[in-house]
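*Asks:* Following this message is one structure expressed as structure tokens.
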Amino acid sequence: MSPQVPTRRARLEKKYIRRRVVAATAAVGFLALTSFGVSLAAALLTGDAEATPAATSVAQVTKRAPATAVTPKGTPQAAAPKPSPASPQGEVGRTAAETAMVRTMRLTGDLTPKSVVASPAGVVVAQNMMYRHSVSAFGADGALLATVKDSVDLAKFGIKGHPGTTKGAPVEAAFTADGKHAWVSNYSMYGAGYGPEGLDSCRAGDGTSPSTVYRVDTTTFAIDRVVEVGAVPKYVAVTPDDKTVLVTNWCTWDLSVIDIAKNKEVARIPLGGTYPRGIVVAPDSRTAYVALMGSDRIVKVDLRTKAVTRFAGTGDGPRHIVLSPDAKYLYVTNNGSGTVAKLDRATGRVLATTRVGDQPRSLTISTDGAAIYSVNYESSTVSKLRTSDLEVIGQVATDYHPIGITYEPTRKAVWVACYGGSILVFDDSRRPVT
């Protein structure tokens with residue numbers, strides 16, 4: 001379910017229906033492939049190394065987190081595919097500003113990934129929404145580590161009014177700084193006591209049922225906590241001090257604040273605008289920046305006083321935000337404008353804006369901060385930009401509807417989640433061949 005600004009409701013509903021069709025088509029295609037043998041069909045259709053995933057839930061790591069190694073229990077569910085570079089590569093580069101993206105893997109199987117997130121230790125997770133009711137966890141080498149299904153008995157987590165088994169719909173994920181746990185947002189909940197699933201077109205107070213976030217143990221890949229939040233939660237972030245989880249609620253237009261020690265939502269902050277999505281948190285864990293996708297604004301939230309102020313206007317439909325490693329700059333995708341903007345975090349001033357493609361969605365940044373990468377949903381491309389001047393220095397084609405992206409630091413690889421049912425892995429450690 002892909003967000004659009006509220007002035008395009010008719011178009012949004014058409015996209016909602018179309019995505020259901022795309023997901024159904026992907027499911028039918030997967031069943032057909034498995035009847036003949038996934039590995040053989042993959043080789044015939046793509047010529048790339050492929051893996052057949054299942055699903056798990058994990059989450060995004062703050063940049064100040066130590067690279068704690070996480071060792072899952074048991075053996076991988078699927079072995080790592082052999083990398084197969086799509087084009088020649090040169091010498092290892094010194095910075096991400098001088099390297100070129102080359103596709104090395106294409107992962108398919110039981111996937112409909114809305115987002116993909118890498119930890120500092122090389123665990124990569126994809127959130128498969130209600131189309132698969134799962135999250136898929138991979139190693140940096142592409143091996144499928146585990147599959148976490150989103151089915152829970154809410155009564156066991158102290159949540160009343162929903163007897164029996166309830167399912168979620170994993171959207172986004174965020175790691176704690178120590179890497180031991182991941183928090184995963186659920187677009188909607190499915191079970192007793194819940195109404196119809198949420199829609200991308202909604203408003204606060206329209207009756208859309210509240211949802212939850214799960215906490216996942218990244219060693220066992222078991223869901224060990226469930227916390228109730230607002231309606232249609234989207235982005236999730238963990239503060240660098242590992243004390244608080246922040247969640248943007250798309251249909252209640254507010255920000256849930258979860259106290260990790262208390263294991264409950266302790267505040268719900270109205271954001272003064274519609275369709276909140278992306279979040280980044282300052283290194284001191286006191287300030288958050290939130291993209292209001294139903295507007296042109298980024299707002300600043302004081303997490304101590306709960307005060308919300310306008311921070312910047314970046315373009316139509318700001319969706320995703322990343323923070324530079326030195327915390328001096330913010331980078332924002334503007335879905336409606338087709339642009340990426342660079343902001344001064346001290347002043348909120350827009351320093352540069354660059355056109356990248358049609359409907360840029362998620363954004364990621366290299367570990368060294370030299371490059372950022374934007375997935376362009378309707379263009380089916382990834383744009384690579386140099387952060388110093390925001391110039392586009394590379395662009396690669398993807399499968400249909402790329403929507404999630406992450407930078408995997410242990411191998412300097414860019415992972416791209418494509419909504420039609422695949423994950424593409426691009427090596428970005430080497431210089432282009434001249």
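Chain labels follow the order of the structure tokens: the first chain is A, the next B, and so on; residue numbering restarts at 1 in every chain, and ligands are counted from 1 in their shown order.
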How close does each residue of stretch 98-215 of chain A get to stretch 358-372 of chain A, giving the shortest atom pair and distance in Å to one decimal for every residue with an atom at most 10 Å away, counting only C-alpha atoms, sorted by chain and residue number, as JSON lines?
*Replies:*
```
{"residue": "A:Glu98", "atom": "CA", "partner": "A:Ala370", "partner_atom": "CA", "distance": 9.0}
{"residue": "A:Thr99", "atom": "CA", "partner": "A:Ala371", "partner_atom": "CA", "distance": 9.6}
{"residue": "A:Lys114", "atom": "CA", "partner": "A:Ser362", "partner_atom": "CA", "distance": 10.0}
{"residue": "A:Ser115", "atom": "CA", "partner": "A:Ser362", "partner_atom": "CA", "distance": 8.2}
{"residue": "A:Val116", "atom": "CA", "partner": "A:Ser362", "partner_atom": "CA", "distance": 9.6}
{"residue": "A:Val117", "atom": "CA", "partner": "A:Thr364", "partner_atom": "CA", "distance": 9.4}
{"residue": "A:Pro120", "atom": "CA", "partner": "A:Thr367", "partner_atom": "CA", "distance": 9.4}
```
*Asks:* Would you kindly return, as a PDB file with all heavy atoms, in the first residue's frame, each protein, DNA or RNA residue with an atom no farther than 9 Å from any atom of A:Tyr377, considering only C-alpha atoms and excluding same-chain residues fewer than 2 positions away?
*Replies:*
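The file below, selection-v8.pdb, is the result:
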```pdb
ATOM      1  N   ASN A 335       8.081  12.615  -2.577  1.00  0.00           N
ATOM      2  CA  ASN A 335       7.371  11.711  -3.472  1.00  0.00           C
ATOM      3  C   ASN A 335       6.622  12.439  -4.578  1.00  0.00           C
ATOM      4  O   ASN A 335       6.648  12.028  -5.738  1.00  0.00           O
ATOM      5  CB  ASN A 335       6.400  10.866  -2.645  1.00  0.00           C
ATOM      6  CG  ASN A 335       5.617   9.878  -3.474  1.00  0.00           C
ATOM      7  OD1 ASN A 335       6.153   8.895  -3.944  1.00  0.00           O
ATOM      8  ND2 ASN A 335       4.324  10.136  -3.653  1.00  0.00           N
ATOM      9  N   GLY A 357      13.594  11.079 -10.139  1.00  0.00           N
ATOM     10  CA  GLY A 357      12.720  10.150 -10.854  1.00  0.00           C
ATOM     11  C   GLY A 357      11.284  10.330 -10.418  1.00  0.00           C
ATOM     12  O   GLY A 357      10.965  11.231  -9.641  1.00  0.00           O
ATOM     13  N   ASP A 358      10.415   9.452 -10.889  1.00  0.00           N
ATOM     14  CA  ASP A 358       8.992   9.552 -10.595  1.00  0.00           C
ATOM     15  C   ASP A 358       8.678   8.842  -9.283  1.00  0.00           C
ATOM     16  O   ASP A 358       8.900   7.643  -9.150  1.00  0.00           O
ATOM     17  CB  ASP A 358       8.188   8.933 -11.741  1.00  0.00           C
ATOM     18  CG  ASP A 358       6.720   9.286 -11.671  1.00  0.00           C
ATOM     19  OD1 ASP A 358       6.338  10.068 -10.778  1.00  0.00           O
ATOM     20  OD2 ASP A 358       5.943   8.763 -12.487  1.00  0.00           O
ATOM     21  N   GLN A 359       8.191   9.591  -8.310  1.00  0.00           N
ATOM     22  CA  GLN A 359       7.792   9.101  -7.000  1.00  0.00           C
ATOM     23  C   GLN A 359       8.934   8.433  -6.227  1.00  0.00           C
ATOM     24  O   GLN A 359       8.904   7.235  -5.946  1.00  0.00           O
ATOM     25  CB  GLN A 359       6.596   8.144  -7.110  1.00  0.00           C
ATOM     26  CG  GLN A 359       5.334   8.807  -7.607  1.00  0.00           C
ATOM     27  CD  GLN A 359       4.113   7.908  -7.535  1.00  0.00           C
ATOM     28  OE1 GLN A 359       4.065   6.976  -6.749  1.00  0.00           O
ATOM     29  NE2 GLN A 359       3.118   8.198  -8.370  1.00  0.00           N
ATOM     30  N   PRO A 360       9.945   9.200  -5.848  1.00  0.00           N
ATOM     31  CA  PRO A 360      10.991   8.645  -4.983  1.00  0.00           C
ATOM     32  C   PRO A 360      10.406   8.298  -3.619  1.00  0.00           C
ATOM     33  O   PRO A 360       9.679   9.091  -3.025  1.00  0.00           O
ATOM     34  CB  PRO A 360      12.014   9.771  -4.885  1.00  0.00           C
ATOM     35  CG  PRO A 360      11.234  11.022  -5.175  1.00  0.00           C
ATOM     36  CD  PRO A 360      10.180  10.621  -6.155  1.00  0.00           C
ATOM     37  N   ARG A 361      10.701   7.113  -3.149  1.00  0.00           N
ATOM     38  CA  ARG A 361      10.115   6.640  -1.891  1.00  0.00           C
ATOM     39  C   ARG A 361      11.177   6.579  -0.797  1.00  0.00           C
ATOM     40  O   ARG A 361      11.460   7.549  -0.138  1.00  0.00           O
ATOM     41  CB  ARG A 361       9.446   5.273  -2.103  1.00  0.00           C
ATOM     42  CG  ARG A 361       8.278   5.320  -3.101  1.00  0.00           C
ATOM     43  CD  ARG A 361       7.127   6.155  -2.593  1.00  0.00           C
ATOM     44  NE  ARG A 361       6.064   6.296  -3.564  1.00  0.00           N
ATOM     45  CZ  ARG A 361       5.055   5.446  -3.725  1.00  0.00           C
ATOM     46  NH1 ARG A 361       4.981   4.371  -2.988  1.00  0.00           N
ATOM     47  NH2 ARG A 361       4.107   5.684  -4.622  1.00  0.00           N
ATOM     48  N   VAL A 375      15.110   5.128  -4.095  1.00  0.00           N
ATOM     49  CA  VAL A 375      14.326   4.275  -4.993  1.00  0.00           C
ATOM     50  C   VAL A 375      13.207   5.108  -5.600  1.00  0.00           C
ATOM     51  O   VAL A 375      12.489   5.813  -4.894  1.00  0.00           O
ATOM     52  CB  VAL A 375      13.745   3.042  -4.265  1.00  0.00           C
ATOM     53  CG1 VAL A 375      14.809   2.048  -3.934  1.00  0.00           C
ATOM     54  CG2 VAL A 375      12.971   3.423  -3.014  1.00  0.00           C
ATOM     55  N   SER A 379       9.441   5.003 -11.716  1.00  0.00           N
ATOM     56  CA  SER A 379      10.499   4.940 -12.731  1.00  0.00           C
ATOM     57  C   SER A 379      11.209   3.592 -12.733  1.00  0.00           C
ATOM     58  O   SER A 379      11.949   3.277 -13.666  1.00  0.00           O
ATOM     59  CB  SER A 379      11.533   6.044 -12.490  1.00  0.00           C
ATOM     60  OG  SER A 379      10.951   7.326 -12.562  1.00  0.00           O
ATOM     61  N   SER A 380      11.006   2.794 -11.678  1.00  0.00           N
ATOM     62  CA  SER A 380      11.702   1.504 -11.509  1.00  0.00           C
ATOM     63  C   SER A 380      13.218   1.674 -11.641  1.00  0.00           C
ATOM     64  O   SER A 380      13.888   0.974 -12.397  1.00  0.00           O
ATOM     65  CB  SER A 380      11.174   0.476 -12.514  1.00  0.00           C
ATOM     66  OG  SER A 380       9.825   0.143 -12.213  1.00  0.00           O
ATOM     67  N   THR A 381      13.742   2.617 -10.857  1.00  0.00           N
ATOM     68  CA  THR A 381      15.178   2.891 -10.847  1.00  0.00           C
ATOM     69  C   THR A 381      15.639   3.202  -9.431  1.00  0.00           C
ATOM     70  O   THR A 381      14.840   3.521  -8.547  1.00  0.00           O
ATOM     71  CB  THR A 381      15.547   4.097 -11.732  1.00  0.00           C
ATOM     72  OG1 THR A 381      14.831   5.263 -11.276  1.00  0.00           O
ATOM     73  CG2 THR A 381      15.226   3.836 -13.192  1.00  0.00           C
ATOM     74  N   VAL A 382      16.963   3.140  -9.249  1.00  0.00           N
ATOM     75  CA  VAL A 382      17.616   3.669  -8.053  1.00  0.00           C
ATOM     76  C   VAL A 382      18.575   4.759  -8.504  1.00  0.00           C
ATOM     77  O   VAL A 382      19.383   4.538  -9.407  1.00  0.00           O
ATOM     78  CB  VAL A 382      18.407   2.583  -7.295  1.00  0.00           C
ATOM     79  CG1 VAL A 382      19.229   3.206  -6.164  1.00  0.00           C
ATOM     80  CG2 VAL A 382      17.471   1.527  -6.733  1.00  0.00           C
ATOM     81  N   TYR A 400       9.999  -4.128 -11.105  1.00  0.00           N
ATOM     82  CA  TYR A 400       8.832  -3.249 -11.019  1.00  0.00           C
ATOM     83  C   TYR A 400       8.599  -2.748  -9.593  1.00  0.00           C
ATOM     84  O   TYR A 400       8.657  -3.499  -8.632  1.00  0.00           O
ATOM     85  CB  TYR A 400       7.613  -4.029 -11.507  1.00  0.00           C
ATOM     86  CG  TYR A 400       6.329  -3.232 -11.642  1.00  0.00           C
ATOM     87  CD1 TYR A 400       6.260  -2.129 -12.487  1.00  0.00           C
ATOM     88  CD2 TYR A 400       5.193  -3.603 -10.927  1.00  0.00           C
ATOM     89  CE1 TYR A 400       5.085  -1.427 -12.636  1.00  0.00           C
ATOM     90  CE2 TYR A 400       4.008  -2.910 -11.070  1.00  0.00           C
ATOM     91  CZ  TYR A 400       3.945  -1.809 -11.930  1.00  0.00           C
ATOM     92  OH  TYR A 400       2.768  -1.116 -12.051  1.00  0.00           O
ATOM     93  N   HIS A 401       8.364  -1.448  -9.469  1.00  0.00           N
ATOM     94  CA  HIS A 401       7.990  -0.786  -8.229  1.00  0.00           C
ATOM     95  C   HIS A 401       8.974  -1.003  -7.072  1.00  0.00           C
ATOM     96  O   HIS A 401       8.641  -1.601  -6.042  1.00  0.00           O
ATOM     97  CB  HIS A 401       6.573  -1.206  -7.799  1.00  0.00           C
ATOM     98  CG  HIS A 401       5.498  -0.450  -8.514  1.00  0.00           C
ATOM     99  ND1 HIS A 401       4.164  -0.760  -8.400  1.00  0.00           N
ATOM    100  CD2 HIS A 401       5.556   0.603  -9.365  1.00  0.00           C
ATOM    101  CE1 HIS A 401       3.446   0.059  -9.143  1.00  0.00           C
ATOM    102  NE2 HIS A 401       4.270   0.895  -9.745  1.00  0.00           N
ATOM    103  N   PRO A 402      10.190  -0.488  -7.209  1.00  0.00           N
ATOM    104  CA  PRO A 402      11.101  -0.493  -6.056  1.00  0.00           C
ATOM    105  C   PRO A 402      10.557   0.432  -4.973  1.00  0.00           C
ATOM    106  O   PRO A 402      10.132   1.555  -5.262  1.00  0.00           O
ATOM    107  CB  PRO A 402      12.400   0.056  -6.648  1.00  0.00           C
ATOM    108  CG  PRO A 402      11.946   0.949  -7.776  1.00  0.00           C
ATOM    109  CD  PRO A 402      10.740   0.263  -8.354  1.00  0.00           C
ATOM    110  N   ILE A 403      10.531  -0.032  -3.733  1.00  0.00           N
ATOM    111  CA  ILE A 403       9.896   0.774  -2.687  1.00  0.00           C
ATOM    112  C   ILE A 403      10.723   0.875  -1.416  1.00  0.00           C
ATOM    113  O   ILE A 403      10.591   1.816  -0.655  1.00  0.00           O
ATOM    114  CB  ILE A 403       8.482   0.219  -2.383  1.00  0.00           C
ATOM    115  CG1 ILE A 403       7.677   1.215  -1.555  1.00  0.00           C
ATOM    116  CG2 ILE A 403       8.558  -1.164  -1.731  1.00  0.00           C
ATOM    117  CD1 ILE A 403       6.196   0.943  -1.531  1.00  0.00           C
ATOM    118  N   CYS A 418      11.536  -4.691  -4.051  1.00  0.00           N
ATOM    119  CA  CYS A 418      10.606  -4.397  -5.137  1.00  0.00           C
ATOM    120  C   CYS A 418       9.255  -5.033  -4.802  1.00  0.00           C
ATOM    121  O   CYS A 418       9.186  -6.240  -4.528  1.00  0.00           O
ATOM    122  CB  CYS A 418      11.144  -4.920  -6.465  1.00  0.00           C
ATOM    123  SG  CYS A 418      12.726  -4.156  -6.930  1.00  0.00           S
TER     124      CYS A 418
END
```
*Asks:* Rounded to one decimal place, report the atom CA of A:Ala397-atom CA of A:Ala146 distance in Å.
*Replies:*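 Atom-to-atom, atom CA of A:Ala397 and atom CA of A:Ala146 are spaced 28.5 Å apart.
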*Asks:* Measuring atom to atom with only C-alpha atoms, identify which of A:Ser188, A:Thr220, A:Thr108, A:Thr387 is nearest to A:Thr208.
*Replies:*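 Between A:Ser188, A:Thr220, A:Thr108, A:Thr387, the residue approaching A:Thr208 most closely is A:Ser188.
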*Asks:* Name the residues in contact with A:Leu323 at a cut-off of 10 Å, using only C-alpha atoms, excluding same-chain residues fewer than 2 positions from it; report them as a ChimeraX atom specification.
*Replies:* /A:62-63,279-283,289,321,325-332,342-343,345,364-365,369
*Asks:* Determine, counting only C-alpha atoms, which protein, DNA and RNA residues have an atom within 12 Å of an atom of A:Val148; residues of the same chain fewer than 5 positions away are not included. Present the result as a PyMOL selection string.
*Replies:* chain A and resi 53-58+77+125-128+132-138+167-170+182+184+214-224
*Asks:* Tell me, as a list in words, which residues lie within 9 Å of stretch 259-266 of chain A, counting only C-alpha atoms; anything in the same chain fewer than 2 positions away does not count.
*Replies:*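 Near stretch 259-266 of chain A, the qualifying residues are Arg225, Val226, Val227, Glu228, Val229, Asp242, Lys243, Thr244, Val245, Ser256, Val257 and Arg268 of chain A.
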*Asks:* Assign secondary structure with DSSP using the backbone only, and return the residues of stretch 256-373 of chain A in strand (DSSP E) as an NGL selection string.
*Replies:* :A and (256-259 or 264-270 or 276-281 or 287-292 or 297-302 or 308-313 or 318-323 or 329-334 or 339-344 or 350-355 or 360-365 or 371-373)
*Asks:* Write the residues you've just listed into a file as a PDB file, in the first residue's frame, and include C-alpha atoms for each of them.
*Replies:*
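File written: again33.pdb
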```
ATOM      1  CA  SER A 256       3.395   7.221  19.255  1.00  0.00           C
ATOM      2  CA  VAL A 257       6.080   7.331  21.937  1.00  0.00           C
ATOM      3  CA  ILE A 258       6.874   3.937  23.493  1.00  0.00           C
ATOM      4  CA  ASP A 259       8.874   3.640  26.702  1.00  0.00           C
ATOM      5  CA  LYS A 264       3.916   0.670  26.676  1.00  0.00           C
ATOM      6  CA  GLU A 265       2.923   3.765  24.749  1.00  0.00           C
ATOM      7  CA  VAL A 266       3.456   6.700  27.113  1.00  0.00           C
ATOM      8  CA  ALA A 267       2.511   9.562  24.777  1.00  0.00           C
ATOM      9  CA  ARG A 268       0.663  10.276  21.543  1.00  0.00           C
ATOM     10  CA  ILE A 269       1.822  13.526  19.959  1.00  0.00           C
ATOM     11  CA  PRO A 270      -0.373  15.310  17.340  1.00  0.00           C
ATOM     12  CA  PRO A 276       3.179  11.349   8.826  1.00  0.00           C
ATOM     13  CA  ARG A 277       5.841   8.885   7.731  1.00  0.00           C
ATOM     14  CA  GLY A 278       9.651   9.090   7.932  1.00  0.00           C
ATOM     15  CA  ILE A 279      11.496   9.740  11.206  1.00  0.00           C
ATOM     16  CA  VAL A 280      15.092  10.452  12.202  1.00  0.00           C
ATOM     17  CA  VAL A 281      16.326  11.119  15.730  1.00  0.00           C
ATOM     18  CA  THR A 287      14.792  15.632  19.096  1.00  0.00           C
ATOM     19  CA  ALA A 288      12.988  13.860  16.280  1.00  0.00           C
ATOM     20  CA  TYR A 289      12.324  15.037  12.737  1.00  0.00           C
ATOM     21  CA  VAL A 290       9.170  13.730  11.043  1.00  0.00           C
ATOM     22  CA  ALA A 291       8.087  13.915   7.391  1.00  0.00           C
ATOM     23  CA  LEU A 292       4.427  14.850   6.843  1.00  0.00           C
ATOM     24  CA  ARG A 297       6.744  19.923   5.556  1.00  0.00           C
ATOM     25  CA  ILE A 298       9.207  18.370   7.955  1.00  0.00           C
ATOM     26  CA  VAL A 299       8.375  19.009  11.615  1.00  0.00           C
ATOM     27  CA  LYS A 300      10.668  19.021  14.635  1.00  0.00           C
ATOM     28  CA  VAL A 301       9.508  17.237  17.801  1.00  0.00           C
ATOM     29  CA  ASP A 302      10.960  17.933  21.240  1.00  0.00           C
ATOM     30  CA  VAL A 308       6.030  20.282  17.632  1.00  0.00           C
ATOM     31  CA  THR A 309       7.376  23.055  15.402  1.00  0.00           C
ATOM     32  CA  ARG A 310       7.793  23.521  11.679  1.00  0.00           C
ATOM     33  CA  PHE A 311      11.334  22.683  10.650  1.00  0.00           C
ATOM     34  CA  ALA A 312      11.453  22.960   6.844  1.00  0.00           C
ATOM     35  CA  GLY A 313       9.513  22.898   3.593  1.00  0.00           C
ATOM     36  CA  PRO A 318       8.121  14.325   1.841  1.00  0.00           C
ATOM     37  CA  ARG A 319       8.331  10.611   2.692  1.00  0.00           C
ATOM     38  CA  HIS A 320      11.681   9.372   3.982  1.00  0.00           C
ATOM     39  CA  ILE A 321      14.492  11.049   5.927  1.00  0.00           C
ATOM     40  CA  VAL A 322      18.077  10.007   6.627  1.00  0.00           C
ATOM     41  CA  LEU A 323      20.669  11.684   8.806  1.00  0.00           C
ATOM     42  CA  TYR A 329      22.507  17.242   7.415  1.00  0.00           C
ATOM     43  CA  LEU A 330      19.147  15.680   6.678  1.00  0.00           C
ATOM     44  CA  TYR A 331      18.260  14.174   3.307  1.00  0.00           C
ATOM     45  CA  VAL A 332      14.608  13.862   2.289  1.00  0.00           C
ATOM     46  CA  THR A 333      12.726  12.205  -0.585  1.00  0.00           C
ATOM     47  CA  ASN A 334       9.781  14.225  -1.944  1.00  0.00           C
ATOM     48  CA  THR A 339      13.133  15.176  -5.828  1.00  0.00           C
ATOM     49  CA  VAL A 340      15.641  14.667  -3.037  1.00  0.00           C
ATOM     50  CA  ALA A 341      16.506  17.602  -0.769  1.00  0.00           C
ATOM     51  CA  LYS A 342      19.512  18.277   1.474  1.00  0.00           C
ATOM     52  CA  LEU A 343      18.866  20.261   4.671  1.00  0.00           C
ATOM     53  CA  ASP A 344      21.057  21.952   7.239  1.00  0.00           C
ATOM     54  CA  VAL A 350      17.277  23.653   2.178  1.00  0.00           C
ATOM     55  CA  LEU A 351      20.807  23.577   0.753  1.00  0.00           C
ATOM     56  CA  ALA A 352      20.119  21.706  -2.490  1.00  0.00           C
ATOM     57  CA  THR A 353      17.322  19.926  -4.351  1.00  0.00           C
ATOM     58  CA  THR A 354      17.814  17.386  -7.151  1.00  0.00           C
ATOM     59  CA  ARG A 355      15.367  15.658  -9.484  1.00  0.00           C
ATOM     60  CA  PRO A 360      10.991   8.645  -4.983  1.00  0.00           C
ATOM     61  CA  ARG A 361      10.115   6.640  -1.891  1.00  0.00           C
ATOM     62  CA  SER A 362      12.734   5.268   0.506  1.00  0.00           C
ATOM     63  CA  LEU A 363      16.249   6.568   0.960  1.00  0.00           C
ATOM     64  CA  THR A 364      19.471   5.196   2.436  1.00  0.00           C
ATOM     65  CA  ILE A 365      22.971   6.501   3.034  1.00  0.00           C
ATOM     66  CA  ALA A 371      26.477   8.911  -1.080  1.00  0.00           C
ATOM     67  CA  ILE A 372      22.730   8.530  -0.722  1.00  0.00           C
ATOM     68  CA  TYR A 373      20.440   6.245  -2.713  1.00  0.00           C
TER      69      TYR A 373
END
```
*Asks:* Find the distance between atom CA of A:Gly294 and atom CA of A:Gly273 and write it in Å to one decimal.
*Replies:* 7.1 Å
*Asks:* So the first atom is atom CA of A:Leu154 and the second is atom CA of A:Val124; what is the distance between them in Å, to one decimal place?
*Replies:* 26.7 Å
*Asks:* From the set A:Ser295, A:Thr212, A:Gln89, A:Asn186, which residue has the shortest atom-to-atom contact distance to A:Val171, counting only C-alpha atoms?
*Replies:*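 The answer is A:Asn186, which sits nearest to A:Val171.
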